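Okay, coords-v4.cif is below, mmCIF, N, CA and C atoms:
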data_run
loop_
_atom_site.label_atom_id
_atom_site.label_comp_id
_atom_site.auth_asym_id
_atom_site.auth_seq_id
_atom_site.Cartn_x
_atom_site.Cartn_y
_atom_site.Cartn_z
N MET A 977 7.02 24.09 7.50
CA MET A 977 6.85 22.69 7.74
C MET A 977 7.67 21.93 6.68
N PRO A 978 8.44 20.91 7.08
CA PRO A 978 9.26 20.17 6.12
C PRO A 978 8.43 19.52 5.01
N GLY A 979 9.01 19.48 3.83
CA GLY A 979 8.32 18.93 2.66
C GLY A 979 7.85 17.50 2.83
N HIS A 980 8.69 16.66 3.46
CA HIS A 980 8.29 15.27 3.66
C HIS A 980 7.05 15.17 4.56
N LEU A 981 6.98 16.03 5.56
CA LEU A 981 5.82 16.02 6.46
C LEU A 981 4.57 16.50 5.73
N ARG A 982 4.71 17.54 4.91
CA ARG A 982 3.58 18.04 4.12
C ARG A 982 3.08 16.96 3.17
N THR A 983 4.02 16.23 2.56
CA THR A 983 3.65 15.13 1.67
C THR A 983 2.92 14.05 2.45
N TRP A 984 3.47 13.69 3.61
CA TRP A 984 2.86 12.64 4.44
C TRP A 984 1.45 13.04 4.84
N LEU A 985 1.24 14.28 5.23
CA LEU A 985 -0.09 14.74 5.63
C LEU A 985 -1.08 14.68 4.47
N ALA A 986 -0.65 15.05 3.28
CA ALA A 986 -1.53 14.97 2.11
C ALA A 986 -1.89 13.52 1.81
N ALA A 987 -0.91 12.62 1.91
CA ALA A 987 -1.18 11.20 1.67
C ALA A 987 -2.10 10.63 2.75
N ALA A 988 -1.93 11.07 3.99
CA ALA A 988 -2.81 10.62 5.07
C ALA A 988 -4.25 11.10 4.82
N GLU A 989 -4.38 12.32 4.32
CA GLU A 989 -5.72 12.82 3.96
C GLU A 989 -6.33 11.94 2.87
N ALA A 990 -5.53 11.56 1.89
CA ALA A 990 -6.01 10.69 0.82
C ALA A 990 -6.48 9.35 1.37
N GLU A 991 -5.71 8.81 2.30
CA GLU A 991 -6.08 7.52 2.89
C GLU A 991 -7.40 7.62 3.65
N ALA A 992 -7.57 8.66 4.42
CA ALA A 992 -8.82 8.85 5.16
C ALA A 992 -9.99 9.01 4.20
N ALA A 993 -9.80 9.79 3.15
CA ALA A 993 -10.87 9.98 2.16
C ALA A 993 -11.21 8.67 1.46
N ALA A 994 -10.19 7.88 1.14
CA ALA A 994 -10.44 6.59 0.48
C ALA A 994 -11.24 5.67 1.38
N ILE A 995 -10.89 5.62 2.64
CA ILE A 995 -11.61 4.77 3.59
C ILE A 995 -13.07 5.22 3.70
N LEU A 996 -13.29 6.53 3.61
CA LEU A 996 -14.65 7.07 3.68
C LEU A 996 -15.39 6.99 2.34
N GLY A 997 -14.70 6.53 1.28
CA GLY A 997 -15.34 6.39 -0.02
C GLY A 997 -15.38 7.65 -0.84
N ASP A 998 -14.62 8.67 -0.47
CA ASP A 998 -14.61 9.95 -1.18
C ASP A 998 -13.47 9.94 -2.21
N GLU A 999 -13.77 9.42 -3.37
CA GLU A 999 -12.74 9.26 -4.41
C GLU A 999 -12.16 10.59 -4.88
N THR A 1000 -13.00 11.59 -5.05
CA THR A 1000 -12.53 12.90 -5.53
C THR A 1000 -11.50 13.49 -4.58
N THR A 1001 -11.81 13.49 -3.30
CA THR A 1001 -10.87 14.04 -2.31
C THR A 1001 -9.61 13.18 -2.23
N ALA A 1002 -9.76 11.86 -2.29
CA ALA A 1002 -8.60 10.98 -2.24
C ALA A 1002 -7.65 11.25 -3.40
N ARG A 1003 -8.19 11.34 -4.59
CA ARG A 1003 -7.34 11.58 -5.77
C ARG A 1003 -6.68 12.97 -5.71
N ARG A 1004 -7.43 13.96 -5.27
CA ARG A 1004 -6.87 15.31 -5.16
C ARG A 1004 -5.72 15.33 -4.15
N ALA A 1005 -5.92 14.68 -3.02
CA ALA A 1005 -4.88 14.65 -1.99
C ALA A 1005 -3.66 13.84 -2.46
N LEU A 1006 -3.89 12.77 -3.21
CA LEU A 1006 -2.76 12.00 -3.75
C LEU A 1006 -1.96 12.83 -4.75
N ASP A 1007 -2.67 13.57 -5.59
CA ASP A 1007 -1.98 14.45 -6.54
C ASP A 1007 -1.19 15.53 -5.81
N GLN A 1008 -1.78 16.05 -4.74
CA GLN A 1008 -1.09 17.06 -3.94
C GLN A 1008 0.16 16.46 -3.29
N ALA A 1009 0.04 15.25 -2.75
CA ALA A 1009 1.19 14.59 -2.13
C ALA A 1009 2.31 14.40 -3.14
N ALA A 1010 1.97 13.97 -4.35
CA ALA A 1010 2.98 13.77 -5.39
C ALA A 1010 3.66 15.08 -5.75
N ALA A 1011 2.88 16.15 -5.81
CA ALA A 1011 3.45 17.46 -6.16
C ALA A 1011 4.35 18.00 -5.04
N LEU A 1012 4.04 17.65 -3.81
CA LEU A 1012 4.80 18.17 -2.66
C LEU A 1012 6.06 17.36 -2.35
N LEU A 1013 6.15 16.14 -2.86
CA LEU A 1013 7.25 15.24 -2.49
C LEU A 1013 8.60 15.83 -2.87
N PRO A 1014 9.45 16.09 -1.87
CA PRO A 1014 10.79 16.61 -2.18
C PRO A 1014 11.73 15.49 -2.64
N GLU A 1015 12.87 15.88 -3.13
CA GLU A 1015 13.91 14.92 -3.51
C GLU A 1015 14.44 14.22 -2.26
N GLY A 1016 14.89 13.00 -2.43
CA GLY A 1016 15.49 12.27 -1.31
C GLY A 1016 14.46 11.51 -0.50
N ASP A 1017 14.93 10.47 0.16
CA ASP A 1017 14.05 9.59 0.92
C ASP A 1017 13.72 10.10 2.32
N THR A 1018 14.61 10.90 2.88
CA THR A 1018 14.42 11.31 4.27
C THR A 1018 14.76 12.77 4.47
N ASP A 1019 14.35 13.25 5.62
CA ASP A 1019 14.68 14.60 6.06
C ASP A 1019 15.28 14.43 7.45
N PRO A 1020 16.48 14.92 7.69
CA PRO A 1020 17.11 14.75 9.00
C PRO A 1020 16.28 15.27 10.18
N SER A 1021 15.40 16.22 9.91
CA SER A 1021 14.56 16.75 10.98
C SER A 1021 13.37 15.83 11.29
N LEU A 1022 13.18 14.80 10.46
CA LEU A 1022 12.08 13.83 10.65
C LEU A 1022 12.65 12.41 10.63
N PRO A 1023 13.37 12.02 11.67
CA PRO A 1023 14.10 10.74 11.63
C PRO A 1023 13.23 9.49 11.51
N TYR A 1024 11.95 9.57 11.84
CA TYR A 1024 11.10 8.38 11.77
C TYR A 1024 10.18 8.36 10.57
N LEU A 1025 10.42 9.25 9.63
CA LEU A 1025 9.59 9.34 8.44
C LEU A 1025 10.43 9.07 7.21
N ALA A 1026 10.14 7.94 6.54
CA ALA A 1026 10.79 7.61 5.26
C ALA A 1026 9.72 7.69 4.19
N LEU A 1027 9.92 8.54 3.21
CA LEU A 1027 8.92 8.74 2.19
C LEU A 1027 9.61 9.13 0.89
N ASN A 1028 9.40 8.30 -0.13
CA ASN A 1028 9.94 8.59 -1.45
C ASN A 1028 8.89 8.20 -2.49
N THR A 1029 9.26 8.22 -3.76
CA THR A 1029 8.27 7.93 -4.81
C THR A 1029 7.70 6.52 -4.67
N HIS A 1030 8.53 5.55 -4.24
CA HIS A 1030 8.03 4.18 -4.09
C HIS A 1030 7.06 4.06 -2.91
N HIS A 1031 7.38 4.72 -1.81
CA HIS A 1031 6.46 4.72 -0.66
C HIS A 1031 5.14 5.39 -1.06
N LEU A 1032 5.23 6.48 -1.81
CA LEU A 1032 4.03 7.19 -2.23
C LEU A 1032 3.21 6.34 -3.21
N ALA A 1033 3.88 5.59 -4.09
CA ALA A 1033 3.16 4.69 -5.00
C ALA A 1033 2.43 3.61 -4.21
N ARG A 1034 3.05 3.12 -3.15
CA ARG A 1034 2.41 2.12 -2.29
C ARG A 1034 1.17 2.73 -1.65
N TRP A 1035 1.31 3.94 -1.15
CA TRP A 1035 0.20 4.62 -0.51
C TRP A 1035 -0.93 4.88 -1.52
N ARG A 1036 -0.55 5.31 -2.72
CA ARG A 1036 -1.53 5.57 -3.78
C ARG A 1036 -2.31 4.30 -4.11
N GLY A 1037 -1.58 3.21 -4.29
CA GLY A 1037 -2.24 1.95 -4.59
C GLY A 1037 -3.17 1.51 -3.48
N SER A 1038 -2.72 1.66 -2.26
CA SER A 1038 -3.54 1.29 -1.10
C SER A 1038 -4.83 2.11 -1.05
N CYS A 1039 -4.75 3.36 -1.43
CA CYS A 1039 -5.95 4.21 -1.46
C CYS A 1039 -6.88 3.82 -2.61
N LEU A 1040 -6.31 3.62 -3.78
CA LEU A 1040 -7.13 3.44 -4.98
C LEU A 1040 -7.76 2.06 -5.08
N ILE A 1041 -7.29 1.07 -4.29
CA ILE A 1041 -7.98 -0.23 -4.33
C ILE A 1041 -9.41 -0.10 -3.82
N HIS A 1042 -9.69 0.93 -3.05
CA HIS A 1042 -11.05 1.15 -2.56
C HIS A 1042 -12.02 1.48 -3.69
N PHE A 1043 -11.49 1.90 -4.84
CA PHE A 1043 -12.34 2.34 -5.94
C PHE A 1043 -12.25 1.44 -7.16
N GLY A 1044 -11.54 0.31 -7.05
CA GLY A 1044 -11.44 -0.63 -8.16
C GLY A 1044 -10.67 -0.09 -9.36
N ASP A 1045 -9.76 0.83 -9.13
CA ASP A 1045 -8.99 1.45 -10.21
C ASP A 1045 -7.96 0.46 -10.74
N SER A 1046 -7.98 0.20 -12.04
CA SER A 1046 -7.04 -0.75 -12.63
C SER A 1046 -5.59 -0.25 -12.59
N GLU A 1047 -5.38 1.07 -12.48
CA GLU A 1047 -4.03 1.62 -12.36
C GLU A 1047 -3.36 1.19 -11.06
N THR A 1048 -4.17 0.79 -10.11
CA THR A 1048 -3.66 0.40 -8.81
C THR A 1048 -2.60 -0.69 -8.92
N ILE A 1049 -2.82 -1.64 -9.80
CA ILE A 1049 -1.89 -2.76 -9.94
C ILE A 1049 -0.51 -2.25 -10.34
N GLU A 1050 -0.46 -1.34 -11.29
CA GLU A 1050 0.85 -0.81 -11.72
C GLU A 1050 1.50 0.03 -10.62
N ASP A 1051 0.70 0.82 -9.92
CA ASP A 1051 1.24 1.60 -8.79
C ASP A 1051 1.88 0.65 -7.77
N LEU A 1052 1.17 -0.41 -7.44
CA LEU A 1052 1.66 -1.34 -6.43
C LEU A 1052 2.86 -2.14 -6.92
N ARG A 1053 2.86 -2.53 -8.17
CA ARG A 1053 4.02 -3.24 -8.72
C ARG A 1053 5.25 -2.33 -8.73
N SER A 1054 5.04 -1.07 -9.08
CA SER A 1054 6.14 -0.11 -9.06
C SER A 1054 6.67 0.06 -7.64
N ALA A 1055 5.78 0.17 -6.69
CA ALA A 1055 6.20 0.30 -5.29
C ALA A 1055 6.97 -0.93 -4.83
N LEU A 1056 6.50 -2.10 -5.22
CA LEU A 1056 7.18 -3.34 -4.83
C LEU A 1056 8.57 -3.42 -5.43
N ALA A 1057 8.70 -3.01 -6.68
CA ALA A 1057 10.00 -3.05 -7.35
C ALA A 1057 11.02 -2.15 -6.67
N GLY A 1058 10.56 -1.05 -6.10
CA GLY A 1058 11.48 -0.11 -5.47
C GLY A 1058 11.54 -0.22 -3.96
N MET A 1059 10.90 -1.25 -3.42
CA MET A 1059 10.81 -1.37 -1.96
C MET A 1059 12.14 -1.82 -1.36
N ASP A 1060 12.49 -1.15 -0.30
CA ASP A 1060 13.65 -1.51 0.51
C ASP A 1060 13.27 -2.75 1.32
N GLY A 1061 14.09 -3.77 1.30
CA GLY A 1061 13.79 -5.03 1.97
C GLY A 1061 13.71 -4.96 3.48
N THR A 1062 13.94 -3.80 4.07
CA THR A 1062 13.88 -3.70 5.53
C THR A 1062 12.51 -3.27 6.05
N PHE A 1063 11.59 -2.93 5.17
CA PHE A 1063 10.26 -2.49 5.57
C PHE A 1063 9.28 -3.67 5.50
N ASN A 1064 9.45 -4.63 6.40
CA ASN A 1064 8.65 -5.87 6.35
C ASN A 1064 7.16 -5.62 6.52
N ARG A 1065 6.78 -4.79 7.46
CA ARG A 1065 5.35 -4.51 7.68
C ARG A 1065 4.76 -3.83 6.45
N ALA A 1066 5.47 -2.87 5.89
CA ALA A 1066 4.99 -2.17 4.70
C ALA A 1066 4.89 -3.13 3.52
N GLU A 1067 5.87 -4.02 3.38
CA GLU A 1067 5.82 -4.98 2.27
C GLU A 1067 4.65 -5.93 2.42
N ALA A 1068 4.38 -6.38 3.65
CA ALA A 1068 3.23 -7.26 3.86
C ALA A 1068 1.94 -6.56 3.45
N GLY A 1069 1.78 -5.31 3.85
CA GLY A 1069 0.59 -4.55 3.47
C GLY A 1069 0.52 -4.32 1.98
N LEU A 1070 1.64 -4.01 1.38
CA LEU A 1070 1.71 -3.80 -0.07
C LEU A 1070 1.29 -5.06 -0.81
N ARG A 1071 1.82 -6.20 -0.38
CA ARG A 1071 1.47 -7.45 -1.05
C ARG A 1071 -0.01 -7.81 -0.85
N CYS A 1072 -0.56 -7.48 0.31
CA CYS A 1072 -1.99 -7.67 0.52
C CYS A 1072 -2.79 -6.79 -0.44
N ASP A 1073 -2.39 -5.53 -0.57
CA ASP A 1073 -3.07 -4.62 -1.48
C ASP A 1073 -2.97 -5.11 -2.92
N LEU A 1074 -1.79 -5.57 -3.31
CA LEU A 1074 -1.59 -6.06 -4.68
C LEU A 1074 -2.43 -7.31 -4.92
N ALA A 1075 -2.45 -8.23 -3.96
CA ALA A 1075 -3.28 -9.42 -4.10
C ALA A 1075 -4.75 -9.04 -4.22
N HIS A 1076 -5.18 -8.10 -3.39
CA HIS A 1076 -6.56 -7.62 -3.42
C HIS A 1076 -6.90 -7.06 -4.82
N ALA A 1077 -6.02 -6.22 -5.34
CA ALA A 1077 -6.25 -5.62 -6.66
C ALA A 1077 -6.27 -6.68 -7.76
N LEU A 1078 -5.36 -7.64 -7.68
CA LEU A 1078 -5.32 -8.70 -8.68
C LEU A 1078 -6.57 -9.57 -8.62
N LEU A 1079 -7.02 -9.89 -7.41
CA LEU A 1079 -8.25 -10.66 -7.27
C LEU A 1079 -9.44 -9.91 -7.85
N ALA A 1080 -9.48 -8.61 -7.62
CA ALA A 1080 -10.58 -7.78 -8.14
C ALA A 1080 -10.58 -7.76 -9.67
N MET A 1081 -9.41 -7.93 -10.26
CA MET A 1081 -9.30 -7.94 -11.73
C MET A 1081 -9.44 -9.36 -12.29
N GLY A 1082 -9.73 -10.33 -11.44
CA GLY A 1082 -9.92 -11.71 -11.89
C GLY A 1082 -8.63 -12.48 -12.10
N GLU A 1083 -7.53 -12.02 -11.50
CA GLU A 1083 -6.23 -12.65 -11.69
C GLU A 1083 -5.79 -13.37 -10.41
N ALA A 1084 -6.57 -14.39 -10.03
CA ALA A 1084 -6.31 -15.12 -8.77
C ALA A 1084 -4.95 -15.81 -8.80
N ASP A 1085 -4.57 -16.40 -9.92
CA ASP A 1085 -3.26 -17.07 -9.99
C ASP A 1085 -2.11 -16.09 -9.73
N ALA A 1086 -2.23 -14.89 -10.26
CA ALA A 1086 -1.19 -13.89 -10.05
C ALA A 1086 -1.18 -13.38 -8.61
N ALA A 1087 -2.32 -13.45 -7.92
CA ALA A 1087 -2.41 -12.97 -6.54
C ALA A 1087 -1.75 -13.93 -5.56
N LEU A 1088 -1.74 -15.23 -5.86
CA LEU A 1088 -1.27 -16.24 -4.91
C LEU A 1088 0.15 -16.02 -4.39
N PRO A 1089 1.15 -15.74 -5.24
CA PRO A 1089 2.50 -15.53 -4.69
C PRO A 1089 2.57 -14.35 -3.72
N HIS A 1090 1.76 -13.33 -3.96
CA HIS A 1090 1.76 -12.15 -3.08
C HIS A 1090 1.10 -12.50 -1.74
N ILE A 1091 0.04 -13.29 -1.80
CA ILE A 1091 -0.61 -13.74 -0.57
C ILE A 1091 0.37 -14.59 0.25
N HIS A 1092 1.06 -15.48 -0.42
CA HIS A 1092 2.01 -16.36 0.27
C HIS A 1092 3.13 -15.55 0.92
N ARG A 1093 3.71 -14.62 0.20
CA ARG A 1093 4.81 -13.81 0.76
C ARG A 1093 4.30 -12.90 1.89
N ALA A 1094 3.12 -12.33 1.72
CA ALA A 1094 2.54 -11.50 2.78
C ALA A 1094 2.32 -12.33 4.04
N ASP A 1095 1.91 -13.58 3.85
CA ASP A 1095 1.70 -14.48 4.99
C ASP A 1095 3.03 -14.74 5.71
N GLN A 1096 4.09 -14.98 4.95
CA GLN A 1096 5.41 -15.19 5.56
C GLN A 1096 5.83 -13.96 6.37
N LEU A 1097 5.67 -12.79 5.78
CA LEU A 1097 6.07 -11.56 6.45
C LEU A 1097 5.22 -11.30 7.69
N ALA A 1098 3.92 -11.50 7.58
CA ALA A 1098 3.03 -11.27 8.72
C ALA A 1098 3.37 -12.21 9.87
N THR A 1099 3.72 -13.45 9.54
CA THR A 1099 4.12 -14.40 10.58
C THR A 1099 5.42 -13.95 11.23
N MET A 1100 6.36 -13.50 10.42
CA MET A 1100 7.66 -13.06 10.93
C MET A 1100 7.52 -11.85 11.86
N ILE A 1101 6.68 -10.90 11.50
CA ILE A 1101 6.53 -9.69 12.31
C ILE A 1101 5.42 -9.82 13.35
N LYS A 1102 4.74 -10.97 13.33
CA LYS A 1102 3.66 -11.25 14.30
C LYS A 1102 2.53 -10.22 14.21
N SER A 1103 2.10 -9.97 12.99
CA SER A 1103 1.04 -9.00 12.77
C SER A 1103 -0.32 -9.71 12.67
N ARG A 1104 -1.13 -9.55 13.67
CA ARG A 1104 -2.47 -10.14 13.65
C ARG A 1104 -3.35 -9.43 12.63
N ARG A 1105 -3.20 -8.14 12.51
CA ARG A 1105 -4.02 -7.38 11.55
C ARG A 1105 -3.77 -7.88 10.13
N HIS A 1106 -2.49 -8.00 9.75
CA HIS A 1106 -2.19 -8.52 8.42
C HIS A 1106 -2.64 -9.98 8.32
N GLY A 1107 -2.50 -10.73 9.39
CA GLY A 1107 -2.93 -12.13 9.39
C GLY A 1107 -4.41 -12.27 9.07
N ARG A 1108 -5.23 -11.42 9.65
CA ARG A 1108 -6.67 -11.46 9.37
C ARG A 1108 -6.95 -11.11 7.91
N ARG A 1109 -6.26 -10.12 7.42
CA ARG A 1109 -6.47 -9.71 6.02
C ARG A 1109 -6.01 -10.81 5.07
N ILE A 1110 -4.91 -11.45 5.39
CA ILE A 1110 -4.39 -12.54 4.55
C ILE A 1110 -5.36 -13.71 4.53
N ALA A 1111 -5.95 -14.02 5.68
CA ALA A 1111 -6.94 -15.10 5.73
C ALA A 1111 -8.11 -14.80 4.80
N GLU A 1112 -8.57 -13.54 4.79
CA GLU A 1112 -9.64 -13.13 3.88
C GLU A 1112 -9.21 -13.27 2.42
N LEU A 1113 -7.98 -12.85 2.12
CA LEU A 1113 -7.48 -12.96 0.75
C LEU A 1113 -7.36 -14.42 0.31
N LYS A 1114 -6.92 -15.29 1.21
CA LYS A 1114 -6.83 -16.73 0.90
C LYS A 1114 -8.21 -17.28 0.57
N ARG A 1115 -9.22 -16.93 1.36
CA ARG A 1115 -10.59 -17.39 1.09
C ARG A 1115 -11.07 -16.88 -0.27
N ALA A 1116 -10.81 -15.61 -0.56
CA ALA A 1116 -11.23 -15.04 -1.84
C ALA A 1116 -10.51 -15.71 -3.01
N ALA A 1117 -9.23 -15.99 -2.85
CA ALA A 1117 -8.47 -16.66 -3.91
C ALA A 1117 -8.99 -18.09 -4.13
N THR A 1118 -9.27 -18.77 -3.05
CA THR A 1118 -9.79 -20.15 -3.15
C THR A 1118 -11.13 -20.14 -3.89
N ARG A 1119 -12.02 -19.22 -3.54
CA ARG A 1119 -13.31 -19.12 -4.23
C ARG A 1119 -13.10 -18.82 -5.72
N ALA A 1120 -12.18 -17.92 -6.01
CA ALA A 1120 -11.95 -17.52 -7.41
C ALA A 1120 -11.38 -18.67 -8.25
N LEU A 1121 -10.58 -19.51 -7.61
CA LEU A 1121 -9.93 -20.60 -8.34
C LEU A 1121 -10.84 -21.82 -8.50
N HIS A 1122 -11.93 -21.86 -7.74
CA HIS A 1122 -12.83 -23.03 -7.82
C HIS A 1122 -14.12 -22.68 -8.43
#
Would you mind giving the structure from this file in structure tokens?
Amino acid sequence: MPGHLRTWLAAAEAEAAAILGDETTARRALDQAAALLPEGDTDPSLPYLALNTHHLARWRGSCLIHFGDSETIEDLRSALAGMDGTFNRAEAGLRCDLAHALLAMGEADAALPHIHRADQLATMIKSRRHGRRIAELKRAATRALH
């Protein structure tokens, strides 16, 4: 099985575990995904799978926000810094995750630019799912600022 696919499967396991609240399994699967990640962003045998250290950092942050981990902010900032500008849906989700993490740490002012940019991206790609999440983040930011 190609290395990128094995990495993707481990990260997907981490995501499922995080959603179920199983922090131990999520962290183990994230560590496994990081260990399995091959060099390079793509594998020619997997044309629809792009996965590199920045994508994995985004995935890690998205998983760890479920547990209030303060490292999440750095993972997400690292992912954002290395993000390719063509992944609009991924960037919208990343910015939602970063805003969520910042709000959880009491940094509502720092969350606002990410909420605003996520809103722009969600509108551009017509994502209702991101739109609902952004509306929740806006309400949380408003409460935090008042």
Fill in: Hits from the PyMOL selection byres ((chain A and resi 1109-1117) around 7), listed as a ChimeraX atom specification
/A:1072,1075-1076,1079,1084,1091,1094-1095,1104-1108,1118-1122
Item to complete: Considering only C-alpha atoms, return as number ranges by chain whatever protein or nucleic-acid residues lie within 12 Å of Leu1025 of chain A, sequence-local ones (same chain, fewer than 4 positions apart) excluded.
Response: A: 978-985, 1016-1021, 1031
Residues of segment 1020-1112 of chain A within 8 Å of segment 997-1007 of chain A: nearest atom pair and distance (Å, one decimal) for each, counting all atoms listed in the file, sorted by chain and number, as a tab-separated table?
residue	atom	partner	partner_atom	distance
A:Trp1035	C	A:Leu1006	CA	7.7
A:Arg1036	CA	A:Leu1006	CA	6.5
A:Cys1039	CA	A:Ala1002	CA	7.3
A:Leu1040	N	A:Ala1002	C	7.8
A:His1042	C	A:Gly997	CA	7.0
A:Phe1043	CA	A:Glu999	CA	7.1
Discussion item. Please report the interatomic distance between atom CA of Glu989 of chain A and atom C of Thr1029 of chain A in Å with one decimal.
Written reply: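 Atom C of Thr1029 of chain A lies 17.2 Å from atom CA of Glu989 of chain A.
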Mind working out the centre and edge lengths of an axis-aligned box for segment 1006-1013 of chain A, all listed atoms inside, 4 Å added to each side, rounded to one decimal in Å and written as lines of an AutoDock Vina configuration file?
center_x = 2.4
center_y = 15.1
center_z = -4.3
size_x = 20.5
size_y = 14.2
size_z = 12.4
Discussion item. I need the alpha helix (DSSP H) residues of chain A per DSSP on the backbone, written as a VMD selection string.
Written reply: chain A and resid 979 to 995 999 to 1012 1029 to 1040 1047 to 1057 1064 to 1080 1084 to 1101 1104 to 1121
Discussion item. If I take atom C of Gly1058 of chain A and atom CA of Ala1009 of chain A, how far is one from the other in Å, to one decimal?
Written reply: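 Interatomic distance here is 18.2 Å.
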Worksheet entry | Point-to-point distance in Å for atom C of Ala1026 of chain A and atom C of Ala1068 of chain A | 16.3 Å
Discussion item. Evaluate the PyMOL selection byres ((chain A and resi 1055) around 7) against this structure - the residues, as an MDAnalysis selection string, please.
Written reply: chainID A and resid 1029:1031 1033:1034 1050:1054 1056:1059
Worksheet item: Quick one: residues within 10 Å of Glu1067 of chain A, only C-alpha atoms counted, chain neighbours fewer than 2 positions away excluded, as a list in words?
Response: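 Close residues of Glu1067 of chain A: Arg1034, Ala1055, Leu1056, Met1059, Asp1060, Gly1061, Thr1062, Phe1063, Asn1064, Arg1065, Gly1069, Leu1070, Arg1071, Cys1072, Asp1073, His1090, Arg1093, Ala1094, Leu1097 and Ala1098 of chain A.
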How would the residues just chosen look if you wrote them out with N, CA and C atoms as a PDB file, in the coordinates of the input?
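Result written to selection.pdb:
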ATOM      1  N   ARG A1034       3.050   3.120  -3.150  1.00  0.00           N
ATOM      2  CA  ARG A1034       2.410   2.120  -2.290  1.00  0.00           C
ATOM      3  C   ARG A1034       1.170   2.730  -1.650  1.00  0.00           C
ATOM      4  N   ALA A1055       5.780   0.170  -6.690  1.00  0.00           N
ATOM      5  CA  ALA A1055       6.200   0.300  -5.290  1.00  0.00           C
ATOM      6  C   ALA A1055       6.970  -0.930  -4.830  1.00  0.00           C
ATOM      7  N   LEU A1056       6.500  -2.100  -5.220  1.00  0.00           N
ATOM      8  CA  LEU A1056       7.180  -3.340  -4.830  1.00  0.00           C
ATOM      9  C   LEU A1056       8.570  -3.420  -5.430  1.00  0.00           C
ATOM     10  N   MET A1059      10.900  -1.250  -3.420  1.00  0.00           N
ATOM     11  CA  MET A1059      10.810  -1.370  -1.960  1.00  0.00           C
ATOM     12  C   MET A1059      12.140  -1.820  -1.360  1.00  0.00           C
ATOM     13  N   ASP A1060      12.490  -1.150  -0.300  1.00  0.00           N
ATOM     14  CA  ASP A1060      13.650  -1.510   0.510  1.00  0.00           C
ATOM     15  C   ASP A1060      13.270  -2.750   1.320  1.00  0.00           C
ATOM     16  N   GLY A1061      14.090  -3.770   1.300  1.00  0.00           N
ATOM     17  CA  GLY A1061      13.790  -5.030   1.970  1.00  0.00           C
ATOM     18  C   GLY A1061      13.710  -4.960   3.480  1.00  0.00           C
ATOM     19  N   THR A1062      13.940  -3.800   4.070  1.00  0.00           N
ATOM     20  CA  THR A1062      13.880  -3.700   5.530  1.00  0.00           C
ATOM     21  C   THR A1062      12.510  -3.270   6.050  1.00  0.00           C
ATOM     22  N   PHE A1063      11.590  -2.930   5.170  1.00  0.00           N
ATOM     23  CA  PHE A1063      10.260  -2.490   5.570  1.00  0.00           C
ATOM     24  C   PHE A1063       9.280  -3.670   5.500  1.00  0.00           C
ATOM     25  N   ASN A1064       9.450  -4.630   6.400  1.00  0.00           N
ATOM     26  CA  ASN A1064       8.650  -5.870   6.350  1.00  0.00           C
ATOM     27  C   ASN A1064       7.160  -5.620   6.520  1.00  0.00           C
ATOM     28  N   ARG A1065       6.780  -4.790   7.460  1.00  0.00           N
ATOM     29  CA  ARG A1065       5.350  -4.510   7.680  1.00  0.00           C
ATOM     30  C   ARG A1065       4.760  -3.830   6.450  1.00  0.00           C
ATOM     31  N   GLY A1069       1.780  -5.310   3.850  1.00  0.00           N
ATOM     32  CA  GLY A1069       0.590  -4.550   3.470  1.00  0.00           C
ATOM     33  C   GLY A1069       0.520  -4.320   1.980  1.00  0.00           C
ATOM     34  N   LEU A1070       1.640  -4.010   1.380  1.00  0.00           N
ATOM     35  CA  LEU A1070       1.710  -3.800  -0.070  1.00  0.00           C
ATOM     36  C   LEU A1070       1.290  -5.060  -0.810  1.00  0.00           C
ATOM     37  N   ARG A1071       1.820  -6.200  -0.380  1.00  0.00           N
ATOM     38  CA  ARG A1071       1.470  -7.450  -1.050  1.00  0.00           C
ATOM     39  C   ARG A1071      -0.010  -7.810  -0.850  1.00  0.00           C
ATOM     40  N   CYS A1072      -0.560  -7.480   0.310  1.00  0.00           N
ATOM     41  CA  CYS A1072      -1.990  -7.670   0.520  1.00  0.00           C
ATOM     42  C   CYS A1072      -2.790  -6.790  -0.440  1.00  0.00           C
ATOM     43  N   ASP A1073      -2.390  -5.530  -0.570  1.00  0.00           N
ATOM     44  CA  ASP A1073      -3.070  -4.620  -1.480  1.00  0.00           C
ATOM     45  C   ASP A1073      -2.970  -5.110  -2.920  1.00  0.00           C
ATOM     46  N   HIS A1090       1.760 -13.330  -3.960  1.00  0.00           N
ATOM     47  CA  HIS A1090       1.760 -12.150  -3.080  1.00  0.00           C
ATOM     48  C   HIS A1090       1.100 -12.500  -1.740  1.00  0.00           C
ATOM     49  N   ARG A1093       3.710 -14.620   0.200  1.00  0.00           N
ATOM     50  CA  ARG A1093       4.810 -13.810   0.760  1.00  0.00           C
ATOM     51  C   ARG A1093       4.300 -12.900   1.890  1.00  0.00           C
ATOM     52  N   ALA A1094       3.120 -12.330   1.720  1.00  0.00           N
ATOM     53  CA  ALA A1094       2.540 -11.500   2.780  1.00  0.00           C
ATOM     54  C   ALA A1094       2.320 -12.330   4.040  1.00  0.00           C
ATOM     55  N   LEU A1097       5.670 -12.790   5.780  1.00  0.00           N
ATOM     56  CA  LEU A1097       6.070 -11.560   6.450  1.00  0.00           C
ATOM     57  C   LEU A1097       5.220 -11.300   7.690  1.00  0.00           C
ATOM     58  N   ALA A1098       3.920 -11.500   7.580  1.00  0.00           N
ATOM     59  CA  ALA A1098       3.030 -11.270   8.720  1.00  0.00           C
ATOM     60  C   ALA A1098       3.370 -12.210   9.870  1.00  0.00           C
TER      61      ALA A1098
END
Worksheet item: Counting all atoms listed in the file, which of A:Ser1103, A:Asn1028, A:Ala1080, A:Thr1048 gets nearest to Glu1015 of chain A?
Response: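 Under the stated criterion, the closest residue is A:Asn1028.
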